[in-house]
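Next comes final20.pdb, with PDB, C-alpha atoms.
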MODEL        1
ATOM      1  CA  MET A   1      95.388  40.093 122.062
ATOM      2  CA  VAL A   2      92.727  42.849 122.109
ATOM      3  CA  LEU A   3      94.338  44.377 125.213
ATOM      4  CA  MET A   4      97.763  44.436 123.522
ATOM      5  CA  HIS A   5      96.246  46.060 120.409
ATOM      6  CA  GLN A   6      94.473  48.691 122.526
ATOM      7  CA  SER A   7      97.716  49.364 124.391
ATOM      8  CA  TYR A   8      99.499  49.820 121.061
ATOM      9  CA  LEU A   9      96.793  52.225 119.844
ATOM     10  CA  VAL A  10      96.972  54.273 123.049
ATOM     11  CA  LYS A  11     100.784  54.398 122.849
ATOM     12  CA  ASN A  12     100.636  55.355 119.141
ATOM     13  CA  LEU A  13      98.051  58.077 119.837
ATOM     14  CA  PHE A  14     100.150  59.391 122.739
ATOM     15  CA  LEU A  15     103.245  59.599 120.508
ATOM     16  CA  LYS A  16     101.277  61.449 117.815
ATOM     17  CA  ILE A  17      99.968  63.943 120.371
ATOM     18  CA  ILE A  18     103.464  64.498 121.786
ATOM     19  CA  SER A  19     105.001  65.052 118.322
ATOM     20  CA  ASN A  20     102.130  67.424 117.454
ATOM     21  CA  CYS A  21     102.733  69.424 120.639
ATOM     22  CA  VAL A  22     106.476  69.552 119.965
ATOM     23  CA  ALA A  23     105.942  70.850 116.407
ATOM     24  CA  ILE A  24     103.520  73.563 117.555
ATOM     25  CA  PHE A  25     105.788  74.466 120.489
ATOM     26  CA  LEU A  26     108.758  74.901 118.160
ATOM     27  CA  LEU A  27     106.750  77.185 115.904
ATOM     28  CA  LEU A  28     105.381  79.189 118.823
ATOM     29  CA  VAL A  29     108.825  79.627 120.340
ATOM     30  CA  GLY A  30     110.168  80.616 116.928
ATOM     31  CA  CYS A  31     107.410  83.208 116.546
ATOM     32  CA  ASN A  32     108.123  84.788 119.894
ATOM     33  CA  THR A  33     111.893  84.996 119.685
ATOM     34  CA  ILE A  34     113.017  88.592 119.836
ATOM     35  CA  ASN A  35     115.824  89.606 117.500
ATOM     36  CA  SER A  36     117.328  92.886 118.585
ATOM     37  CA  ASN A  37     119.778  92.963 115.688
ATOM     38  CA  GLU A  38     117.866  94.846 112.991
ATOM     39  CA  GLU A  39     120.698  94.383 110.478
ATOM     40  CA  SER A  40     120.380  90.575 110.526
ATOM     41  CA  GLU A  41     116.847  90.788 109.136
ATOM     42  CA  SER A  42     118.088  92.034 105.787
ATOM     43  CA  THR A  43     120.994  89.554 105.570
ATOM     44  CA  GLU A  44     119.051  86.395 106.459
ATOM     45  CA  ILE A  45     119.870  83.430 104.205
ATOM     46  CA  PHE A  46     116.754  81.473 103.256
ATOM     47  CA  ILE A  47     116.714  77.860 102.093
ATOM     48  CA  ASP A  48     114.007  78.509  99.495
ATOM     49  CA  GLU A  49     114.951  80.702  96.523
ATOM     50  CA  ARG A  50     111.444  82.156  96.209
ATOM     51  CA  VAL A  51     111.423  83.135  99.887
ATOM     52  CA  GLN A  52     114.899  84.677  99.520
ATOM     53  CA  SER A  53     113.824  86.677  96.470
ATOM     54  CA  ASN A  54     110.646  88.003  98.147
ATOM     55  CA  ALA A  55     112.464  88.836 101.403
ATOM     56  CA  ASN A  56     115.151  90.738  99.498
ATOM     57  CA  LYS A  57     112.526  92.678  97.540
ATOM     58  CA  TRP A  58     110.511  93.467 100.693
ATOM     59  CA  ASN A  59     113.648  94.730 102.464
ATOM     60  CA  ARG A  60     114.481  96.966  99.485
ATOM     61  CA  ILE A  61     111.063  98.542  98.891
ATOM     62  CA  LYS A  62     109.112  98.246 102.145
ATOM     63  CA  PRO A  63     107.201 101.414 102.920
ATOM     64  CA  ASN A  64     107.731 103.408 106.111
ATOM     65  CA  ASP A  65     104.077 103.888 107.052
ATOM     66  CA  PHE A  66     101.415 101.215 106.768
ATOM     67  CA  ASP A  67      98.756  99.267 108.652
ATOM     68  CA  TYR A  68      98.002  95.559 108.418
ATOM     69  CA  VAL A  69      96.349  92.646 110.170
ATOM     70  CA  PHE A  70      98.327  89.574 111.242
ATOM     71  CA  GLN A  71      96.575  86.315 112.090
ATOM     72  CA  ARG A  72      97.555  82.770 112.988
ATOM     73  CA  GLU A  73      95.279  79.800 112.405
ATOM     74  CA  CYS A  74      96.147  76.708 114.388
ATOM     75  CA  TYR A  75      94.903  74.336 117.020
ATOM     76  CA  CYS A  76      95.885  76.869 119.697
ATOM     77  CA  ILE A  77      94.285  78.964 122.403
ATOM     78  CA  THR A  78      91.772  81.507 121.111
ATOM     79  CA  GLU A  79      93.837  84.580 122.022
ATOM     80  CA  TYR A  80      96.721  83.277 119.913
ATOM     81  CA  THR A  81      94.497  83.000 116.819
ATOM     82  CA  LEU A  82      92.702  86.350 116.976
ATOM     83  CA  PRO A  83      93.532  88.942 114.287
ATOM     84  CA  VAL A  84      96.125  91.456 115.495
ATOM     85  CA  TYR A  85      95.811  94.987 114.103
ATOM     86  CA  LEU A  86      99.166  96.711 113.588
ATOM     87  CA  SER A  87     100.309 100.223 112.727
ATOM     88  CA  VAL A  88     103.816 100.883 111.399
ATOM     89  CA  ARG A  89     105.177 104.418 111.323
ATOM     90  CA  ASN A  90     108.673 105.409 110.224
ATOM     91  CA  GLY A  91     109.416 101.704 109.715
ATOM     92  CA  ARG A  92     108.583 100.669 113.303
ATOM     93  CA  ILE A  93     105.491  99.077 114.827
ATOM     94  CA  VAL A  94     103.857 101.708 117.025
ATOM     95  CA  LYS A  95     100.636  99.883 117.904
ATOM     96  CA  ALA A  96      99.460  96.255 118.026
ATOM     97  CA  TYR A  97      96.179  95.038 119.492
ATOM     98  CA  HIS A  98      93.387  92.529 119.049
ATOM     99  CA  GLN A  99      89.698  93.293 119.469
ATOM    100  CA  GLY A 100      88.860  90.412 121.786
ATOM    101  CA  LYS A 101      86.119  87.877 121.157
ATOM    102  CA  LEU A 102      82.398  88.001 121.840
ATOM    103  CA  THR A 103      80.516  84.737 122.325
ATOM    104  CA  SER A 104      76.789  84.095 122.643
ATOM    105  CA  ASP A 105      75.678  83.574 126.237
ATOM    106  CA  GLY A 106      72.898  81.244 125.057
ATOM    107  CA  ASN A 107      70.179  83.679 126.171
ATOM    108  CA  GLY A 108      70.251  86.087 123.250
ATOM    109  CA  GLY A 109      73.126  88.146 124.671
ATOM    110  CA  TYR A 110      76.897  88.094 124.333
ATOM    111  CA  ILE A 111      79.824  87.864 126.698
ATOM    112  CA  TRP A 112      83.517  88.648 126.201
ATOM    113  CA  THR A 113      85.383  85.343 126.238
ATOM    114  CA  VAL A 114      88.660  87.050 125.368
ATOM    115  CA  ASN A 115      89.126  90.696 126.330
ATOM    116  CA  ARG A 116      90.607  93.299 124.000
ATOM    117  CA  ARG A 117      94.374  93.397 124.375
ATOM    118  CA  THR A 118      97.027  95.934 123.452
ATOM    119  CA  TYR A 119     100.460  94.389 123.046
ATOM    120  CA  THR A 120     103.626  95.860 124.537
ATOM    121  CA  GLU A 121     106.649  96.928 122.486
ATOM    122  CA  GLU A 122     108.488  93.814 123.662
ATOM    123  CA  GLU A 123     105.783  91.688 122.016
ATOM    124  CA  TYR A 124     105.813  93.498 118.648
ATOM    125  CA  GLU A 125     108.594  91.328 117.185
ATOM    126  CA  GLN A 126     106.330  88.299 116.720
ATOM    127  CA  PHE A 127     104.085  90.269 114.347
ATOM    128  CA  LYS A 128     106.761  91.866 112.163
ATOM    129  CA  ILE A 129     106.701  90.976 108.495
ATOM    130  CA  GLU A 130     110.474  90.423 108.586
ATOM    131  CA  ARG A 131     109.926  87.927 111.413
ATOM    132  CA  LEU A 132     107.373  86.060 109.309
ATOM    133  CA  PHE A 133     110.046  85.499 106.650
ATOM    134  CA  LYS A 134     112.232  83.902 109.346
ATOM    135  CA  THR A 135     109.283  81.809 110.546
ATOM    136  CA  ILE A 136     108.850  80.553 106.973
ATOM    137  CA  ASN A 137     112.509  79.574 106.866
ATOM    138  CA  ASP A 138     112.241  77.814 110.236
ATOM    139  CA  GLY A 139     109.169  75.914 109.022
ATOM    140  CA  LEU A 140     110.863  74.845 105.782
ATOM    141  CA  ASN A 141     113.884  73.648 107.779
ATOM    142  CA  GLN A 142     111.541  71.193 109.520
ATOM    143  CA  ASN A 143     110.773  69.544 106.137
ATOM    144  CA  PRO A 144     106.971  69.769 106.300
ATOM    145  CA  GLU A 145     105.026  67.158 104.375
ATOM    146  CA  ASN A 146     102.784  69.887 102.947
ATOM    147  CA  TYR A 147     103.138  73.644 102.753
ATOM    148  CA  SER A 148     102.073  76.623 100.674
ATOM    149  CA  LEU A 149     103.491  80.130 100.455
ATOM    150  CA  THR A 150     101.773  83.112  98.877
ATOM    151  CA  PHE A 151     103.378  86.550  98.571
ATOM    152  CA  ASP A 152     101.974  89.976  97.737
ATOM    153  CA  ASP A 153     102.495  90.698  94.026
ATOM    154  CA  SER A 154     103.726  94.268  94.426
ATOM    155  CA  LEU A 155     105.532  94.477  97.796
ATOM    156  CA  SER A 156     106.507  90.776  98.153
ATOM    157  CA  PHE A 157     105.535  90.303 101.808
ATOM    158  CA  PRO A 158     103.961  86.948 102.778
ATOM    159  CA  ILE A 159     100.162  87.047 102.692
ATOM    160  CA  ASP A 160      99.419  83.370 103.339
ATOM    161  CA  VAL A 161     101.785  80.793 104.817
ATOM    162  CA  PHE A 162     100.653  77.254 105.599
ATOM    163  CA  PHE A 163     102.547  74.309 107.096
ATOM    164  CA  ASP A 164     101.332  70.771 107.692
ATOM    165  CA  PHE A 165     104.325  69.029 109.218
ATOM    166  CA  TYR A 166     102.854  65.528 109.343
ATOM    167  CA  SER A 167      99.972  64.729 107.011
ATOM    168  CA  ASN A 168      98.905  61.729 109.089
ATOM    169  CA  ILE A 169      98.639  63.751 112.318
ATOM    170  CA  ALA A 170      95.650  65.962 113.006
ATOM    171  CA  ASP A 171      95.960  69.499 114.352
ATOM    172  CA  ASP A 172      99.678  70.089 113.711
ATOM    173  CA  GLU A 173      98.883  72.498 110.876
ATOM    174  CA  ILE A 174      99.559  76.216 111.245
ATOM    175  CA  ARG A 175      98.731  79.133 108.973
ATOM    176  CA  TYR A 176      99.912  82.747 109.101
ATOM    177  CA  LYS A 177      98.056  85.459 107.218
ATOM    178  CA  ILE A 178      98.658  89.133 106.578
ATOM    179  CA  PHE A 179      95.702  91.039 105.184
ATOM    180  CA  ASN A 180      94.130  94.508 104.970
ATOM    181  CA  PHE A 181      97.585  95.907 104.199
ATOM    182  CA  THR A 182      97.126  99.658 103.712
ATOM    183  CA  LEU A 183      99.715 102.314 102.905
ATOM    184  CA  VAL A 184      99.365 105.409 105.093
ATOM    185  CA  ASP A 185     100.156 108.912 103.876
ATOM    186  CA  ASN A 186     101.783 111.178 106.450
TER     187      ASN A 186
ENDMDL
END
Go ahead and express the file in the form of C-alpha coordinates.
Amino acid sequence: MVLMHQSYLVKNLFLKIISNCVAIFLLLVGCNTINSNEESESTEIFIDERVQSNANKWNRIKPNDFDYVFQRECYCITEYTLPVYLSVRNGRIVKAYHQGKLTSDGNGGYIWTVNRRTYTEEEYEQFKIERLFKTINDGLNQNPENYSLTFDDSLSFPIDVFFDFYSNIADDEIRYKIFNFTLVDN
(Lines of atoms letter the chains of each structure in order from A and count residues from 1; the text may use other names and numbers.)
(Lines give C-alpha, C1' and ligand atoms only; values in the text may rest on other atoms or scores of the structure.)
Protein backbone atom coordinates (compact mmCIF):
# COMPACT_ATOMS: atom_id res chain seq x y z
CA MET A 1 0.00 0.00 0.00
CA VAL A 2 2.81 2.44 0.90
CA LEU A 3 4.62 1.59 -2.35
CA MET A 4 1.47 2.27 -4.39
CA HIS A 5 0.97 5.61 -2.58
CA GLN A 6 4.61 6.60 -3.20
CA SER A 7 4.24 5.64 -6.86
CA TYR A 8 1.12 7.81 -7.09
CA LEU A 9 2.95 10.75 -5.46
CA VAL A 10 5.91 10.40 -7.84
CA LYS A 11 3.57 10.20 -10.85
CA ASN A 12 1.56 13.21 -9.59
CA LEU A 13 4.75 15.22 -9.01
CA PHE A 14 6.04 14.27 -12.47
CA LEU A 15 2.79 15.44 -14.09
CA LYS A 16 2.94 18.75 -12.20
CA ILE A 17 6.53 19.31 -13.31
CA ILE A 18 5.66 18.50 -16.93
CA SER A 19 2.65 20.86 -16.94
CA ASN A 20 4.79 23.58 -15.32
CA CYS A 21 7.46 23.16 -18.01
CA VAL A 22 4.84 23.25 -20.76
CA ALA A 23 3.32 26.49 -19.41
CA ILE A 24 6.71 28.20 -19.14
CA PHE A 25 7.75 26.88 -22.57
CA LEU A 26 4.60 28.31 -24.15
CA LEU A 27 5.26 31.69 -22.60
CA LEU A 28 8.92 31.66 -23.60
CA VAL A 29 8.10 30.70 -27.17
CA GLY A 30 5.42 33.40 -27.24
CA CYS A 31 7.93 35.98 -26.01
CA ASN A 32 10.46 35.12 -28.67
CA THR A 33 8.17 34.99 -31.68
CA ILE A 34 9.17 37.61 -34.20
CA ASN A 35 6.37 39.51 -35.90
CA SER A 36 7.64 41.27 -38.98
CA ASN A 37 4.26 42.81 -39.75
CA GLU A 38 4.39 46.14 -37.92
CA GLU A 39 0.81 46.98 -38.92
CA SER A 40 -0.63 43.98 -37.03
CA GLU A 41 0.62 45.39 -33.72
CA SER A 42 -1.84 48.26 -33.85
CA THR A 43 -4.79 46.11 -35.00
CA GLU A 44 -4.42 43.30 -32.45
CA ILE A 45 -7.72 42.23 -30.87
CA PHE A 46 -7.37 41.61 -27.14
CA ILE A 47 -9.71 39.48 -25.05
CA ASP A 48 -9.57 41.86 -22.08
CA GLU A 49 -11.19 45.28 -22.54
CA ARG A 50 -8.69 47.01 -20.25
CA VAL A 51 -5.76 45.56 -22.20
CA GLN A 52 -7.40 46.61 -25.49
CA SER A 53 -7.95 50.15 -24.22
CA ASN A 54 -4.35 50.53 -22.97
CA ALA A 55 -2.87 49.02 -26.14
CA ASN A 56 -4.92 51.37 -28.31
CA LYS A 57 -3.84 54.38 -26.24
CA TRP A 58 -0.17 53.31 -26.30
CA ASN A 59 -0.28 52.89 -30.09
CA ARG A 60 -1.82 56.36 -30.48
CA ILE A 61 0.50 58.34 -28.19
CA LYS A 62 3.73 56.36 -27.87
CA PRO A 63 6.77 58.60 -28.05
CA ASN A 64 9.48 58.18 -30.67
CA ASP A 65 12.49 58.40 -28.36
CA PHE A 66 12.71 56.76 -24.96
CA ASP A 67 14.72 54.38 -22.78
CA TYR A 68 13.39 51.68 -20.47
CA VAL A 69 14.29 48.51 -18.62
CA PHE A 70 12.50 45.22 -19.31
CA GLN A 71 12.69 42.33 -16.86
CA ARG A 72 11.18 38.89 -16.47
CA GLU A 73 10.84 37.15 -13.12
CA CYS A 74 10.32 33.42 -13.30
CA TYR A 75 11.80 30.09 -12.38
CA CYS A 76 14.13 30.36 -15.39
CA ILE A 77 17.83 30.55 -16.16
CA THR A 78 19.55 33.62 -14.72
CA GLU A 79 20.28 35.26 -18.08
CA TYR A 80 16.58 35.19 -18.93
CA THR A 81 15.68 37.09 -15.74
CA LEU A 82 18.31 39.83 -15.83
CA PRO A 83 17.13 43.41 -16.49
CA VAL A 84 17.51 44.37 -20.16
CA TYR A 85 18.29 48.03 -20.86
CA LEU A 86 16.70 49.33 -24.07
CA SER A 87 16.97 52.49 -26.14
CA VAL A 88 14.28 53.42 -28.67
CA ARG A 89 14.96 56.11 -31.26
CA ASN A 90 12.58 57.16 -34.02
CA GLY A 91 10.18 54.47 -32.79
CA ARG A 92 12.65 51.57 -33.17
CA ILE A 93 14.82 49.74 -30.66
CA VAL A 94 18.42 50.67 -31.42
CA LYS A 95 20.13 49.05 -28.42
CA ALA A 96 19.33 46.25 -25.96
CA TYR A 97 21.74 44.77 -23.43
CA HIS A 98 22.00 43.37 -19.93
CA GLN A 99 24.81 44.13 -17.50
CA GLY A 100 25.62 40.55 -16.55
CA LYS A 101 25.71 39.24 -13.00
CA LEU A 102 28.44 39.34 -10.37
CA THR A 103 28.46 36.69 -7.65
CA SER A 104 30.61 36.40 -4.54
CA ASP A 105 33.47 33.94 -4.93
CA GLY A 106 33.31 33.13 -1.21
CA ASN A 107 36.73 34.68 -0.57
CA GLY A 108 35.76 38.33 -0.44
CA GLY A 109 35.92 38.77 -4.23
CA TYR A 110 33.43 38.52 -7.07
CA ILE A 111 33.19 36.58 -10.29
CA TRP A 112 31.01 37.09 -13.37
CA THR A 113 28.49 34.25 -13.44
CA VAL A 114 26.70 35.76 -16.43
CA ASN A 115 28.66 38.00 -18.79
CA ARG A 116 27.34 41.29 -20.12
CA ARG A 117 25.40 40.72 -23.32
CA THR A 118 24.31 42.99 -26.16
CA TYR A 119 21.32 41.63 -28.05
CA THR A 120 21.10 41.54 -31.84
CA GLU A 121 18.38 43.28 -33.85
CA GLU A 122 16.73 39.91 -34.46
CA GLU A 123 16.29 39.53 -30.69
CA TYR A 124 14.78 42.99 -30.09
CA GLU A 125 11.20 41.86 -30.75
CA GLN A 126 10.91 40.01 -27.44
CA PHE A 127 11.49 43.25 -25.51
CA LYS A 128 9.12 45.53 -27.42
CA ILE A 129 6.29 47.05 -25.45
CA GLU A 130 3.87 46.14 -28.25
CA ARG A 131 5.02 42.52 -27.92
CA LEU A 132 4.29 42.61 -24.19
CA PHE A 133 0.66 43.48 -24.96
CA LYS A 134 0.50 40.35 -27.14
CA THR A 135 2.15 38.30 -24.38
CA ILE A 136 -0.56 39.52 -21.99
CA ASN A 137 -3.23 38.41 -24.44
CA ASP A 138 -1.56 35.01 -24.87
CA GLY A 139 -1.39 34.59 -21.09
CA LEU A 140 -5.05 35.52 -20.62
CA ASN A 141 -6.01 33.03 -23.34
CA GLN A 142 -4.52 30.30 -21.14
CA ASN A 143 -7.07 31.14 -18.39
CA PRO A 144 -4.60 31.64 -15.53
CA GLU A 145 -5.89 30.96 -12.04
CA ASN A 146 -4.34 34.23 -10.84
CA TYR A 147 -3.04 37.27 -12.67
CA SER A 148 -2.52 40.99 -12.24
CA LEU A 149 -1.98 43.73 -14.81
CA THR A 150 -0.73 47.23 -14.07
CA PHE A 151 -0.39 49.94 -16.72
CA ASP A 152 1.37 53.30 -16.74
CA ASP A 153 -1.13 56.06 -15.91
CA SER A 154 -0.04 58.50 -18.61
CA LEU A 155 1.26 56.42 -21.56
CA SER A 156 -0.69 53.18 -20.87
CA PHE A 157 2.16 50.70 -21.42
CA PRO A 158 2.29 47.65 -19.12
CA ILE A 159 4.52 48.20 -16.10
CA ASP A 160 3.80 44.99 -14.18
CA VAL A 161 2.27 41.80 -15.56
CA PHE A 162 1.93 38.67 -13.45
CA PHE A 163 0.54 35.23 -14.31
CA ASP A 164 0.12 32.21 -12.05
CA PHE A 165 -1.38 29.58 -14.32
CA TYR A 166 -1.95 26.91 -11.68
CA SER A 167 -2.17 28.02 -8.06
CA ASN A 168 -1.44 24.51 -6.77
CA ILE A 169 1.79 24.18 -8.79
CA ALA A 170 4.99 25.84 -7.66
CA ASP A 171 7.26 27.78 -10.00
CA ASP A 172 4.88 28.22 -12.96
CA GLU A 173 4.48 31.92 -12.18
CA ILE A 174 5.95 34.55 -14.49
CA ARG A 175 6.17 38.32 -14.15
CA TYR A 176 7.14 40.96 -16.71
CA LYS A 177 8.15 44.44 -15.62
CA ILE A 178 8.96 47.66 -17.43
CA PHE A 179 10.60 50.33 -15.32
CA ASN A 180 12.90 53.37 -15.48
CA PHE A 181 10.93 54.56 -18.52
CA THR A 182 12.51 57.86 -19.58
CA LEU A 183 11.59 60.15 -22.46
CA VAL A 184 14.63 61.31 -24.45
CA ASP A 185 14.86 64.72 -26.09
CA ASN A 186 16.62 64.76 -29.45
Reference answer for the PyMOL selection byres ((chain A and resi 152) around 10), as number ranges by chain: A: 54, 58, 150-151, 153-160, 178-179, 181
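With all atoms listed in the file as the basis for measurement, A:Asn180 is the residue among A:Asn180, A:Asn168, A:Asn186, A:Asn59 that approaches A:Val84 most closely.
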Give as a tab-separated table (two decimals) with C-alpha atoms, keeping the file's coordinate frame the residues that the PyMOL selection byres ((chain A and resi 119) around 9) matches when applied to the coordinates above.
chain	number	residue	atom	x	y	z
A	95	LYS	CA	100.64	99.88	117.90
A	96	ALA	CA	99.46	96.26	118.03
A	97	TYR	CA	96.18	95.04	119.49
A	98	HIS	CA	93.39	92.53	119.05
A	117	ARG	CA	94.37	93.40	124.38
A	118	THR	CA	97.03	95.93	123.45
A	120	THR	CA	103.63	95.86	124.54
A	121	GLU	CA	106.65	96.93	122.49
A	122	GLU	CA	108.49	93.81	123.66
A	123	GLU	CA	105.78	91.69	122.02
A	124	TYR	CA	105.81	93.50	118.65
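Remark: for A:Glu173, the closest of the candidate residues A:Asp67, A:Glu125, A:Glu145, A:Asp185 is A:Glu145 (distances computed over only C-alpha atoms).
Taking atom CA of A:Tyr68 and atom CA of A:Asn141 as endpoints, the distance between them is 27.1 Å.
Atom pair atom CA of A:Ile47 / atom CA of A:Phe66: separated by 28.3 Å.
Minimum distance to A:Phe163 across A:Thr81, A:Gln99, A:Asn143, A:Thr182 (counting all atoms listed in the file) occurs at A:Asn143.
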